[in-house]
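Okay, model-v8.tsv now, which holds TSV, C-alpha atoms and all ligand atoms:
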```
chain	number	residue	atom	x	y	z
A	5	MET	CA	11.76	-20.75	10.65
A	6	ALA	CA	10.45	-19.40	7.37
A	7	HIS	CA	7.55	-16.98	7.25
A	8	ASP	CA	7.57	-16.51	3.50
A	9	ALA	CA	4.49	-16.62	1.34
A	10	PRO	CA	3.81	-19.66	-0.78
A	11	GLN	CA	5.04	-19.19	-4.34
A	12	ALA	CA	3.91	-20.61	-7.66
A	13	THR	CA	5.32	-24.06	-8.34
A	14	GLY	CA	7.50	-24.80	-11.34
A	15	PRO	CA	9.63	-22.41	-13.38
A	16	SER	CA	7.78	-19.60	-15.08
A	17	LYS	CA	8.74	-16.89	-17.55
A	18	LEU	CA	6.47	-13.97	-18.24
A	19	VAL	CA	6.91	-11.57	-21.13
A	20	ILE	CA	4.88	-8.37	-21.35
A	21	ARG	CA	5.38	-6.71	-24.72
A	22	ASN	CA	3.92	-3.77	-26.61
A	23	ILE	CA	3.89	-1.59	-23.50
A	24	GLY	CA	2.81	1.93	-24.40
A	25	LEU	CA	4.04	3.67	-21.25
A	26	LEU	CA	6.20	2.28	-18.47
A	27	LEU	CA	5.83	3.92	-15.02
A	28	SER	CA	8.70	2.94	-12.73
A	29	GLY	CA	7.25	3.86	-9.32
A	30	ALA	CA	10.49	5.68	-8.48
A	31	LEU	CA	10.30	9.48	-8.05
A	32	GLU	CA	13.80	10.08	-9.40
A	33	LYS	CA	12.90	8.57	-12.78
A	34	PRO	CA	9.15	7.99	-12.96
A	35	ILE	CA	9.00	7.04	-16.65
A	36	LEU	CA	11.18	4.28	-18.09
A	37	ASP	CA	12.24	3.79	-21.66
A	38	GLY	CA	11.11	0.39	-22.95
A	39	ASP	CA	8.22	-1.62	-24.35
A	40	THR	CA	8.96	-5.02	-22.82
A	41	ILE	CA	9.33	-6.57	-19.34
A	42	VAL	CA	10.59	-10.09	-18.70
A	43	ALA	CA	10.05	-11.82	-15.34
A	44	GLU	CA	11.30	-15.24	-14.37
A	45	ASN	CA	9.95	-17.18	-11.39
A	46	GLY	CA	8.17	-14.10	-10.08
A	47	LYS	CA	11.07	-11.62	-10.30
A	48	ILE	CA	11.81	-9.01	-12.94
A	49	THR	CA	14.83	-10.07	-15.02
A	50	ALA	CA	14.81	-7.58	-17.92
A	51	ILE	CA	13.27	-4.23	-18.94
A	52	GLY	CA	13.84	-2.73	-22.38
A	53	ARG	CA	13.05	-2.95	-26.07
A	54	LEU	CA	11.63	-6.24	-27.41
A	55	LYS	CA	14.57	-6.70	-29.80
A	56	ASP	CA	17.10	-6.28	-26.98
A	57	VAL	CA	15.73	-8.69	-24.36
A	58	ASN	CA	15.63	-12.48	-24.24
A	59	THR	CA	12.02	-13.65	-24.52
A	60	GLU	CA	12.83	-17.26	-25.38
A	61	GLY	CA	11.05	-20.00	-23.42
A	62	ALA	CA	8.25	-17.71	-22.17
A	63	THR	CA	5.51	-19.59	-20.35
A	64	THR	CA	3.14	-16.59	-20.53
A	65	VAL	CA	3.13	-13.80	-23.11
A	66	VAL	CA	1.00	-10.73	-22.54
A	67	ASP	CA	0.43	-8.23	-25.33
A	68	ALA	CA	-0.09	-4.94	-23.52
A	69	HIS	CA	-1.62	-3.45	-26.69
A	70	GLY	CA	-0.09	-0.08	-25.94
A	71	THR	CA	-1.41	0.19	-22.37
A	72	THR	CA	0.47	1.59	-19.39
A	73	VAL	CA	2.33	-0.72	-17.01
A	74	ALA	CA	2.95	0.43	-13.44
A	75	PRO	CA	4.05	-1.41	-10.32
A	76	GLY	CA	1.15	-3.06	-8.45
A	77	LEU	CA	-0.32	-0.49	-6.08
A	78	ILE	CA	0.42	-0.71	-2.38
A	79	ASP	CA	-2.09	0.16	0.32
A	80	SER	CA	-0.06	1.24	3.32
A	81	HIS	CA	-2.98	1.21	5.75
A	82	VAL	CA	-5.66	-1.45	5.99
A	83	HIS	CA	-7.48	-3.15	8.87
A	84	PRO	CA	-7.97	-6.81	7.98
A	85	VAL	CA	-9.45	-9.26	10.47
A	86	ALA	CA	-9.59	-12.86	9.29
A	87	GLY	CA	-9.88	-14.38	5.84
A	88	ASP	CA	-11.38	-12.20	3.13
A	89	TRP	CA	-14.08	-10.90	5.46
A	90	THR	CA	-14.53	-7.74	7.48
A	91	PRO	CA	-16.96	-7.44	10.37
A	92	ARG	CA	-16.66	-3.64	10.17
A	93	GLN	CA	-19.03	-3.49	7.20
A	94	ASN	CA	-19.92	-7.19	7.28
A	95	GLN	CA	-18.51	-7.68	3.82
A	96	VAL	CA	-16.85	-10.67	2.15
A	97	ASN	CA	-14.24	-10.66	-0.63
A	98	TRP	CA	-13.22	-7.06	0.03
A	99	ILE	CA	-9.54	-7.84	-0.47
A	100	ASP	CA	-10.19	-9.50	-3.82
A	101	SER	CA	-12.11	-6.38	-4.81
A	102	TYR	CA	-9.09	-4.19	-4.08
A	103	LEU	CA	-7.13	-6.24	-6.63
A	104	HIS	CA	-9.69	-5.36	-9.27
A	105	GLY	CA	-8.96	-1.76	-8.37
A	106	GLY	CA	-5.03	-2.36	-8.94
A	107	VAL	CA	-3.55	-2.72	-5.33
A	108	THR	CA	-1.31	-5.77	-5.25
A	109	THR	CA	0.16	-5.29	-1.83
A	110	MET	CA	-2.25	-4.70	1.02
A	111	ILE	CA	-1.18	-4.12	3.15
A	112	SER	CA	-5.56	-6.19	-0.41
A	113	ALA	CA	-6.23	-5.97	-5.12
A	114	HIS	CA	-9.41	-5.41	-7.79
A	115	GLY	CA	-8.38	-1.80	-7.35
A	116	GLY	CA	-4.97	-2.66	-8.74
A	117	VAL	CA	-3.78	-3.18	-5.19
A	118	THR	CA	-1.33	-6.07	-5.01
A	119	THR	CA	0.09	-5.45	-1.55
A	120	MET	CA	-1.57	-4.34	1.68
A	121	ILE	CA	-0.07	-3.45	5.04
A	122	SER	CA	-2.08	-3.89	8.22
A	123	ALA	CA	-2.26	-1.03	10.67
A	124	GLY	CA	-3.75	-3.41	13.22
A	125	GLU	CA	-6.44	-6.08	13.23
A	126	VAL	CA	-8.53	-3.80	15.41
A	127	HIS	CA	-11.96	-4.83	14.10
A	128	MET	CA	-11.62	-8.41	15.36
A	129	PRO	CA	-14.77	-9.14	17.35
A	130	GLY	CA	-13.76	-9.65	20.99
A	131	ARG	CA	-10.21	-8.45	20.31
A	132	PRO	CA	-8.00	-9.52	23.24
A	133	ARG	CA	-6.30	-6.68	25.10
A	134	ASP	CA	-4.24	-8.72	27.56
A	135	VAL	CA	-0.62	-9.19	26.58
A	136	VAL	CA	-0.67	-12.93	25.90
A	137	GLY	CA	-3.89	-12.62	23.92
A	138	LEU	CA	-2.78	-9.68	21.77
A	139	LYS	CA	0.53	-11.40	20.96
A	140	ALA	CA	-1.26	-14.62	20.01
A	141	MET	CA	-3.65	-12.71	17.74
A	142	ALA	CA	-0.83	-10.87	15.99
A	143	ILE	CA	1.07	-14.06	15.27
A	144	PHE	CA	-2.12	-15.75	14.03
A	145	ALA	CA	-2.90	-12.84	11.69
A	146	GLN	CA	0.65	-12.73	10.30
A	147	ARG	CA	0.58	-16.45	9.54
A	148	SER	CA	-2.95	-16.77	8.22
A	149	PHE	CA	-2.80	-13.80	5.82
A	150	TRP	CA	0.59	-14.76	4.46
A	151	THR	CA	-0.75	-18.21	3.66
A	152	LEU	CA	-4.17	-17.08	2.42
A	153	ARG	CA	-3.30	-14.34	-0.09
A	154	PRO	CA	-6.79	-13.62	-1.53
A	155	GLY	CA	-6.49	-13.28	-5.31
A	156	GLY	CA	-2.73	-13.39	-4.83
A	157	VAL	CA	-2.70	-10.13	-2.87
A	158	LYS	CA	0.16	-9.92	-0.40
A	159	VAL	CA	-1.38	-8.95	2.92
A	160	HIS	CA	1.25	-8.02	5.47
A	161	ALA	CA	-0.78	-8.48	8.64
A	162	GLY	CA	-0.11	-9.26	12.27
A	163	ALA	CA	0.15	-5.78	13.70
A	164	PRO	CA	-0.42	-5.83	17.46
A	165	VAL	CA	-1.91	-2.78	19.16
A	166	ILE	CA	0.30	-1.96	22.13
A	167	GLU	CA	-0.94	-1.94	25.71
A	168	CYS	CA	0.71	-0.39	28.81
A	169	GLU	CA	1.50	-3.76	30.43
A	170	MET	CA	3.93	-4.81	27.66
A	171	VAL	CA	7.64	-5.26	28.43
A	172	GLU	CA	10.69	-5.38	26.16
A	173	ASP	CA	10.70	-9.17	26.03
A	174	ASP	CA	7.23	-9.12	24.46
A	175	PHE	CA	8.61	-7.26	21.43
A	176	LYS	CA	11.55	-9.63	21.20
A	177	GLU	CA	9.19	-12.58	21.28
A	178	LEU	CA	6.87	-11.08	18.64
A	179	ALA	CA	9.79	-10.37	16.31
A	180	ALA	CA	11.17	-13.88	16.73
A	181	ALA	CA	7.73	-15.24	15.81
A	182	GLY	CA	7.71	-13.27	12.53
A	183	VAL	CA	5.76	-10.14	13.48
A	184	LYS	CA	7.16	-7.16	11.56
A	185	LEU	CA	4.60	-4.40	12.18
A	186	LEU	CA	2.94	-2.57	15.05
A	187	GLY	CA	-0.69	-1.60	14.79
A	188	GLU	CA	-1.54	2.10	15.13
A	189	VAL	CA	-0.19	3.39	18.41
A	190	GLY	CA	-3.05	5.09	20.22
A	191	LEU	CA	-5.75	2.56	19.36
A	192	GLY	CA	-4.91	0.60	22.49
A	193	GLY	CA	-4.17	1.63	26.07
A	194	VAL	CA	-0.94	3.48	25.21
A	195	LYS	CA	-1.91	7.07	24.35
A	196	ASP	CA	0.87	9.09	26.02
A	197	GLY	CA	4.14	10.15	24.40
A	198	PRO	CA	6.68	8.73	26.87
A	199	THR	CA	5.20	5.21	27.00
A	200	ALA	CA	4.70	5.18	23.22
A	201	ARG	CA	8.30	6.30	22.64
A	202	LYS	CA	9.68	3.58	24.91
A	203	MET	CA	7.70	0.80	23.22
A	204	VAL	CA	8.29	2.07	19.69
A	205	GLY	CA	12.00	1.99	20.56
A	206	TRP	CA	11.74	-1.62	21.67
A	207	ALA	CA	9.87	-2.49	18.48
A	208	ARG	CA	12.54	-0.78	16.36
A	209	LYS	CA	15.33	-2.59	18.21
A	210	TYR	CA	13.84	-5.93	17.13
A	211	GLY	CA	13.06	-4.90	13.56
A	212	ILE	CA	9.34	-4.18	13.99
A	213	GLN	CA	8.01	-1.14	12.03
A	214	SER	CA	5.66	1.25	13.76
A	215	THR	CA	2.84	3.63	12.90
A	216	ILE	CA	0.56	5.89	14.93
A	217	HIS	CA	-3.05	7.04	14.80
A	218	THR	CA	-2.81	10.78	14.10
A	219	GLY	CA	-5.69	13.14	14.79
A	220	GLY	CA	-9.09	12.94	16.43
A	221	PRO	CA	-10.83	9.77	17.61
A	222	SER	CA	-11.81	7.37	14.81
A	223	ILE	CA	-14.75	5.74	16.53
A	224	PRO	CA	-16.37	6.18	19.96
A	225	GLY	CA	-13.89	4.86	22.54
A	226	SER	CA	-10.70	5.95	20.77
A	227	GLY	CA	-8.88	9.19	21.60
A	228	LEU	CA	-7.08	12.25	20.25
A	229	ILE	CA	-3.42	11.90	19.25
A	230	ASP	CA	-1.95	15.37	18.75
A	231	LYS	CA	1.38	16.61	17.35
A	232	ASP	CA	3.18	16.37	20.69
A	233	VAL	CA	2.37	12.69	21.10
A	234	VAL	CA	3.16	11.97	17.42
A	235	LEU	CA	6.56	13.65	17.58
A	236	GLU	CA	7.47	12.12	20.93
A	237	ALA	CA	6.39	8.60	19.93
A	238	ASP	CA	8.63	8.87	16.84
A	239	THR	CA	7.03	6.00	14.91
A	240	ASP	CA	8.45	5.05	11.48
A	241	VAL	CA	5.26	6.21	9.78
A	242	VAL	CA	3.01	9.08	10.85
A	243	GLY	CA	-0.20	7.14	10.21
A	244	HIS	CA	-2.96	9.07	8.41
A	245	ILE	CA	-1.51	12.52	9.03
A	246	ASN	CA	-4.70	13.77	7.30
A	247	GLY	CA	-6.81	12.16	10.03
A	248	GLY	CA	-8.82	9.00	10.14
A	249	HIS	CA	-11.33	10.64	9.98
A	250	THR	CA	-10.63	13.88	11.85
A	251	ALA	CA	-7.43	15.73	10.99
A	252	LEU	CA	-5.29	17.88	13.27
A	253	PRO	CA	-5.29	21.64	12.62
A	254	ASP	CA	-2.97	22.77	9.82
A	255	ASP	CA	-0.38	24.30	12.17
A	256	GLN	CA	0.00	20.94	13.93
A	257	ILE	CA	0.33	19.09	10.62
A	258	ARG	CA	3.05	21.52	9.61
A	259	CYS	CA	4.85	20.94	12.95
A	260	ILE	CA	4.84	17.20	12.36
A	261	CYS	CA	6.11	17.48	8.76
A	262	GLU	CA	8.91	19.82	9.83
A	263	GLY	CA	9.63	18.19	13.17
A	264	CYS	CA	10.63	14.74	11.94
A	265	LYS	CA	11.83	12.87	8.87
A	266	ARG	CA	9.36	9.98	9.19
A	267	GLY	CA	6.84	8.76	6.63
A	268	LEU	CA	3.79	10.97	5.99
A	269	GLU	CA	0.82	8.76	5.27
A	270	LEU	CA	-2.27	10.13	3.47
A	271	VAL	CA	-5.42	8.03	3.57
A	272	HIS	CA	-8.70	7.90	1.66
A	273	ASN	CA	-10.61	7.64	4.96
A	274	GLY	CA	-9.33	11.06	6.04
A	275	ASN	CA	-9.66	14.76	5.44
A	276	GLU	CA	-8.88	15.47	1.77
A	277	ARG	CA	-8.09	19.13	2.31
A	278	SER	CA	-5.56	18.16	4.97
A	279	ALA	CA	-4.07	15.60	2.60
A	280	LEU	CA	-3.53	18.34	0.01
A	281	PHE	CA	-2.07	20.62	2.69
A	282	THR	CA	0.42	17.90	3.74
A	283	LEU	CA	1.34	17.24	0.10
A	284	ARG	CA	2.08	20.92	-0.40
A	285	ILE	CA	4.33	21.11	2.66
A	286	ALA	CA	6.19	17.93	1.75
A	287	ARG	CA	6.86	19.31	-1.74
A	288	GLU	CA	8.02	22.67	-0.37
A	289	MET	CA	10.44	20.77	1.87
A	290	GLY	CA	11.69	18.63	-1.01
A	291	ASP	CA	10.40	15.61	0.89
A	292	LEU	CA	7.93	14.08	-1.57
A	293	ASN	CA	9.67	10.75	-0.97
A	294	ARG	CA	8.15	10.73	2.54
A	295	VAL	CA	4.56	10.72	1.27
A	296	ILE	CA	2.81	7.33	1.06
A	297	LEU	CA	-0.83	6.34	0.49
A	298	GLY	CA	-3.38	4.13	2.22
A	299	THR	CA	-7.12	3.69	2.42
A	300	ASP	CA	-7.53	2.98	6.18
A	301	ALA	CA	-10.31	0.57	5.15
A	302	PRO	CA	-12.38	-1.20	6.21
A	303	ALA	CA	-13.57	1.64	8.40
A	304	GLY	CA	-16.69	3.55	9.23
A	305	SER	CA	-16.51	5.07	5.76
A	306	GLY	CA	-16.63	1.60	4.24
A	307	VAL	CA	-14.39	-0.42	1.95
A	308	GLN	CA	-12.81	1.39	-1.00
A	309	PRO	CA	-11.57	-1.00	-3.69
A	310	LEU	CA	-10.55	2.00	-5.79
A	311	GLY	CA	-9.33	4.04	-2.83
A	312	ILE	CA	-5.67	4.10	-3.80
A	313	LEU	CA	-6.44	5.01	-7.41
A	314	ARG	CA	-8.78	7.72	-6.16
A	315	MET	CA	-6.06	9.14	-3.93
A	316	VAL	CA	-3.62	9.17	-6.86
A	317	SER	CA	-6.14	10.99	-9.01
A	318	MET	CA	-7.20	13.43	-6.25
A	319	LEU	CA	-3.63	14.40	-5.33
A	320	SER	CA	-2.62	14.69	-8.96
A	321	SER	CA	-5.59	16.80	-10.03
A	322	LEU	CA	-6.27	19.01	-6.99
A	323	GLY	CA	-2.64	18.97	-5.80
A	324	ASP	CA	-1.27	19.79	-9.21
A	325	LEU	CA	1.13	16.85	-9.05
A	326	PRO	CA	2.17	15.24	-12.34
A	327	ALA	CA	0.39	11.87	-12.53
A	328	GLU	CA	3.61	9.89	-13.02
A	329	LEU	CA	4.81	11.25	-9.66
A	330	ALA	CA	1.45	10.65	-7.96
A	331	PHE	CA	1.71	6.94	-8.86
A	332	CYS	CA	5.09	6.83	-7.06
A	333	LEU	CA	3.36	7.74	-3.78
A	334	ALA	CA	1.27	4.55	-4.12
A	335	THR	CA	4.15	2.29	-5.18
A	336	GLY	CA	7.88	3.00	-4.85
A	337	ASN	CA	7.66	5.39	-1.91
A	338	THR	CA	5.74	2.86	0.18
A	339	ALA	CA	7.96	-0.03	-0.92
A	340	ARG	CA	11.11	1.80	0.13
A	341	MET	CA	9.70	2.98	3.43
A	342	ARG	CA	8.28	-0.45	4.25
A	343	ALA	CA	11.28	-2.39	2.91
A	344	LEU	CA	9.17	-4.35	0.41
A	345	ASP	CA	10.65	-5.99	-2.69
A	346	CYS	CA	7.77	-4.79	-4.91
A	347	GLY	CA	6.59	-1.27	-5.85
A	348	ILE	CA	9.33	-0.37	-8.34
A	349	ILE	CA	9.89	-1.71	-11.85
A	350	GLU	CA	13.50	-2.70	-11.54
A	351	VAL	CA	15.46	-5.90	-12.22
A	352	GLY	CA	15.40	-8.19	-9.16
A	353	ARG	CA	12.14	-6.89	-7.72
A	354	SER	CA	8.82	-8.77	-7.52
A	355	ALA	CA	6.92	-8.95	-10.80
A	356	ASP	CA	3.80	-7.21	-9.43
A	357	PHE	CA	2.15	-5.02	-12.07
A	358	VAL	CA	-1.01	-3.20	-12.92
A	359	LEU	CA	-1.83	-2.66	-16.60
A	360	MET	CA	-4.17	0.23	-17.31
A	361	ASP	CA	-5.23	2.84	-19.81
A	362	LYS	CA	-7.17	6.05	-20.02
A	363	ALA	CA	-10.84	5.45	-19.26
A	364	GLN	CA	-13.16	5.60	-22.23
A	365	HIS	CA	-14.41	9.16	-22.89
A	366	SER	CA	-12.00	10.78	-20.40
A	367	PRO	CA	-10.98	14.14	-21.86
A	368	GLY	CA	-7.21	13.74	-21.41
A	369	LYS	CA	-4.96	13.04	-24.41
A	370	ASN	CA	-3.42	10.08	-22.60
A	371	ILE	CA	-3.60	8.29	-19.23
A	372	LEU	CA	-1.39	10.79	-17.42
A	373	GLU	CA	-3.40	13.75	-18.60
A	374	SER	CA	-6.68	12.02	-17.74
A	375	VAL	CA	-5.52	11.31	-14.18
A	376	GLN	CA	-4.34	14.89	-13.82
A	377	LEU	CA	-7.79	15.99	-14.91
A	378	GLY	CA	-9.19	13.98	-11.99
A	379	ASP	CA	-10.39	10.84	-13.77
A	380	LEU	CA	-9.59	7.25	-12.81
A	381	PRO	CA	-7.81	4.99	-15.28
A	382	GLY	CA	-9.35	1.69	-16.38
A	383	ILE	CA	-7.47	-1.41	-15.20
A	384	GLY	CA	-7.04	-4.14	-17.78
A	385	MET	CA	-4.90	-6.63	-15.89
A	386	THR	CA	-3.09	-7.24	-12.60
A	387	ILE	CA	-0.07	-9.49	-12.22
A	388	ILE	CA	1.42	-10.66	-8.93
A	389	ASP	CA	4.68	-12.62	-8.70
A	390	GLY	CA	4.73	-12.91	-12.49
A	391	ILE	CA	1.28	-14.57	-12.59
A	392	VAL	CA	-1.77	-12.95	-14.22
A	393	ARG	CA	-4.31	-12.61	-11.38
A	394	THR	CA	-7.10	-10.55	-12.90
A	395	GLN	CA	-7.97	-9.34	-16.36
A	396	ARG	CA	-10.36	-6.47	-17.09
A	397	SER	CA	-11.30	-5.00	-13.71
A	398	ARG	CA	-14.91	-5.33	-12.62
A	399	ASN	CA	-14.54	-2.13	-10.62
A	400	THR	CA	-12.83	0.50	-12.73
A	401	PRO	CA	-14.34	2.31	-15.71
A	402	PRO	CA	-13.67	0.50	-19.00
A	403	ALA	CA	-10.43	1.55	-20.63
A	404	GLY	CA	-9.77	2.46	-24.22
A	405	LYS	CA	-7.08	-0.19	-24.68
A	406	VAL	CA	-7.02	-3.58	-22.94
A	407	PRO	CA	-4.08	-6.00	-22.64
A	408	GLU	CA	-4.42	-9.63	-23.66
A	409	ILE	CA	-2.79	-12.96	-22.84
A	410	ILE	CA	-1.63	-14.24	-26.20
A	411	SER	CA	0.05	-17.45	-25.12
A	412	GLU	CA	0.27	-19.55	-22.01
A	413	HIS	CA	2.17	-22.81	-21.52
B	501	ZN	ZN	-6.29	5.35	12.85
```
For this file, produce the structure as structure tokens.
Ligand SMILES: [Zn+2]
Amino acid sequence: MAHDAPQATGPSKLVIRNIGLLLSGALEKPILDGDTIVAENGKITAIGRLKDVNTEGATTVVDAHGTTVAPGLIDSHVHPVAGDWTPRQNQVNWIDSYLHGGVTTMISAHGGVTTMISAGEVHMPGRPRDVVGLKAMAIFAQRSFWTLRPGGVKVHAGAPVIECEMVEDDFKELAAAGVKLLGEVGLGGVKDGPTARKMVGWARKYGIQSTIHTGGPSIPGSGLIDKDVVLEADTDVVGHINGGHTALPDDQIRCICEGCKRGLELVHNGNERSALFTLRIAREMGDLNRVILGTDAPAGSGVQPLGILRMVSMLSSLGDLPAELAFCLATGNTARMRALDCGIIEVGRSADFVLMDKAQHSPGKNILESVQLGDLPGIGMTIIDGIVRTQRSRNTPPAGKVPEIISEH
């Protein structure tokens, strides 16, 4: 049984030329040499100089006009419910708005987000907590979001929140039905280390990735998850290690960073000082590859279409992290940790891109300097699966240079 997203019909060939700066999304080589990308049928087939690559038969040609091309941003932590609507803030088209901010994988895209990853569909009104009900809801969410794809954004949803009554066969059944993620451990009935560890182990055995709610309660009714529970549960990702909203004390954050090799997720809906503290420890440990970014939206703090860009800019400016590396935390790091085929500009990967430039009147000499000075870039275009999804963002500040579609067949 296939659970793949619907793709564009017919052969397509995209050429992006005149690229001013090419950000790879990969920490080991964050800037690539080249001014042209070719993508065929949604996958990258060539990266290099215009004169060296085969651009013949292009169905779409984009002139980047000297702008920066980066992988589409990935939001590692969202809470979708159904369709492009959230009851949390009673808002419609929030996912589409993330695209205008640059995220292409939501894990939703007006913020340049092209991919989003669900940390649980916990805001569903009347959310079922019995085992049959929670399994049914997870399978429904996985299916419906993979088919819907608002604005083209890849929403990896269907993340059940575990309850104490679950048995191993439930995880086997969920995996067989196409569920690949667990919602945040701790948001349901399972809040103790031993039970969490057992169930996370079952999930892992059947290929389901796990994450945990780290820190103080998010909303009335949820509970504290401290370092002991986090380390014992041993989820693949330490969800919002900077709290969502309330962070653990610094000594506990340090214990978690040093006590495991799992992903360290920093979210917009958390404590910014704690995010900077975590970043510093990860860098001291030589573990920057473990740091990934999310918004944790929709939440009490709202919906943040530019949340991922804001995290990149905050960590780069206040954390003194070169901007080209900060973009990797929102792209390649997450893609590798989540086994996604996007997030890095590399032959064979999904042609998901965000094209941007320094915002008008930002003091930096170029986009990297402007981000390191704390400003947001202006998004001029987002592309998902080799198809132009948005042009000039309605959400970001206007950029100096703006890309343009110069031919389409
Ligand atoms: Zn949480």
Given 9 Å and all atoms listed in the file, residues near ligand ZN 501 (chain B) as a PyMOL selection string: chain A and resi 81+123+188-191+216-222+243-244+247-249+300
Name all residues at most 10 Å from Ile285 in chain A (count only C-alpha atoms; drop same-chain ones fewer than 3 positions away) and give them as number ranges by chain. A: 257-258, 261-262, 280-282, 288-292
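Take CA of Thr299 in chain A and CA of Tyr210 in chain A: the distance between them is 27.4 Å.
By chain and then residue number, the residues within 8 Å of range 338-349 of chain A are Leu27, Ser28, Gly29, Ala30, Ile48, Ala74, Pro75, Gly76, Leu77, Ile78, Ser80, Gln213, Gly267, Arg294, Ile296, Leu297, Ala355 and Asp356 of chain A, counting all atoms listed in the file and disregarding those fewer than 6 positions away in sequence.
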Quick one: of A:Ala62, A:Ala68, A:Ala327, A:Ala145, who's nearest to Glu373 in chain A, counting only C-alpha atoms? A:Ala327
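CA of Pro402 in chain A is found 23.5 Å from CA of Pro154 in chain A.
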Which of these, A:Leu25, A:Leu319, A:Val307, A:Val73, has the shortest distance to Ser101 in chain A once you count all atoms listed in the file?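 The shortest atom-to-atom distance to Ser101 in chain A comes from A:Val307.
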Listed atoms of range 289-304 of chain A, axis-aligned box, 5 Å per side: centre and edge lengths to one decimal in Å, as lines of an AutoDock Vina configuration file?
```
center_x = -2.5
center_y = 9.8
center_z = 3.8
size_x = 38.4
size_y = 32.0
size_z = 20.8
```
Measuring between only C-alpha atoms, which one of A:Ile20, A:Leu31, A:Ala161, A:Leu252 shows the shortest distance to Thr386 in chain A? A:Ile20
What is the CA of Leu329 in chain A to CA of Gly211 in chain A distance in Å?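 Here the two named atoms are 29.5 Å from each other.
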Distance query 12 Å from (-2.6, 3.4, 26.0) using all atoms listed in the file, result as a PyMOL selection string: chain A and resi 133+165-170+188-201+203+216-217+225-229+233
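For the residues A:Val126, A:Leu36, A:Met315, A:Val159, ranking by smallest atom-to-atom distance to Gly187 in chain A using only C-alpha atoms places A:Val126 first.
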Near Gly46 in chain A, within 7 Å and counting only C-alpha atoms, which residues show up once chain neighbours fewer than 2 positions away are dropped, as a ChimeraX atom specification? /A:43-44,48,354-355,389-390
